[in-house]
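One structure below.
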Amino acid sequence: MGVQERREREREARKSTILDAARELFLEHGFNGTTTKQIAAKCELSEATLFFYFQSKNEIFTSLLFEGIDFWTQGLKKIDAIKMKPRAKLEELWNFYDQIREEHPEYYQLSAFLARPMALSNVSEEMKAEIIRRSGENFQIQADMLDEIVGNSEGRIVADLLWSTYLGLTLLQGSRTNLKTPLHPTKKELKTIFEMLARGLLGDSN
């Protein structure tokens with residue numbers, strides 16, 4: 001291995017360590033509550049050294065966001081390639097949402113953060129365009145898949161319905177957890193909600 005290649009690998013490994021630390025801190029304190037100084041300290045780096053790898057907290061944020069988008073892409077393409085009955089495929093997609101929330105809760109926090117006013121005010125127009133392009137491609141994969149599942153040309157509407165329903169329910173769970181009230185919808189209730197959605201979208205024959 002040459003010197004240049006070794007340095008590049010070391011650089012990528014250090015960037016990965018920084019992103020892991022940022023992911024953990026974002027989950028614990030939220031995006032606004034996390035500072036680059038905290039991220040650097042968690043990696044046992046100086047803040048100046050951190051800025052050698054990432055120019056700002058927003059660059060770290062967008063790196064994690066693209067990481068999440070890539071995870072979505074891989075999962076959606078895998079589901080799309082599976083041959084199964086419409087209802088089974090719809091459930092597979094719903095379960096994928098659950099997988100993301102359980103394995104990568106930070107991706108959910110990032111999705112919610114994007115909805116805040118001025119969330120991307122310090123992100124370049126070029127980066128915003130890339131976020132729109134890549135997330136739009138994922139949405140189109142879902143829309144095309146749901147066109148086939150539902151059997152009409154309203155896949156884009158169904159994609160919005162399915163994702164917003166799931167995201168809204170999980171945010172509701174989070175708010176009740178914070179308020180220390182009984183947790184619901186429970187896993188059993190989420191399954192019931194899916195059954196209701198599936199019947200409405202597919203009828204009883206699928």
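We label chains A, B, ... in the order they appear in the structure tokens, count residues from 1 in each chain, and number ligands from 1 in the order shown.
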Residues within 12 Å of range 174-177 of chain A, only C-alpha atoms, excluding chain neighbours under 4 positions, as a PyMOL selection string: chain A and resi 101+105+108-109+112+167-170+181-186
Could the residues in this selection be written to a file with C-alpha atoms, as an mmCIF file, in the first residue's frame?
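Done, and the output landed in out.cif:
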```cif
data_model
loop_
_atom_site.group_PDB
_atom_site.id
_atom_site.type_symbol
_atom_site.label_atom_id
_atom_site.label_comp_id
_atom_site.auth_asym_id
_atom_site.auth_seq_id
_atom_site.Cartn_x
_atom_site.Cartn_y
_atom_site.Cartn_z
ATOM 1 C CA ARG A 101 -36.424 3.272 13.171
ATOM 2 C CA PRO A 105 -33.145 6.102 14.911
ATOM 3 C CA TYR A 108 -35.679 9.535 11.874
ATOM 4 C CA GLN A 109 -34.398 12.475 13.875
ATOM 5 C CA ALA A 112 -37.981 15.360 11.567
ATOM 6 C CA LEU A 167 -43.713 8.838 10.738
ATOM 7 C CA GLY A 168 -46.621 10.607 12.453
ATOM 8 C CA LEU A 169 -47.354 7.575 14.617
ATOM 9 C CA THR A 170 -43.736 7.237 15.735
ATOM 10 C CA THR A 181 -47.752 8.889 29.613
ATOM 11 C CA PRO A 182 -48.720 5.324 28.578
ATOM 12 C CA LEU A 183 -46.970 4.420 25.338
ATOM 13 C CA HIS A 184 -49.214 4.024 22.351
ATOM 14 C CA PRO A 185 -49.662 3.109 19.618
ATOM 15 C CA THR A 186 -48.030 -0.122 20.768
#
```
Residues within 10 Å of range 17-33 of chain A, only C-alpha atoms, excluding chain neighbours under 4 positions, as a PyMOL selection string: chain A and resi 11-13+38-45+50+53-54+57-58+60-61+63-64+67+104-110+113+119
Alpha helix (DSSP H) per DSSP on the backbone: members of range 8-196 of chain A, as a PyMOL selection string: chain A and resi 8-29+36-42+47-53+57-81+86-103+105-114+125-150+155-178+187-196
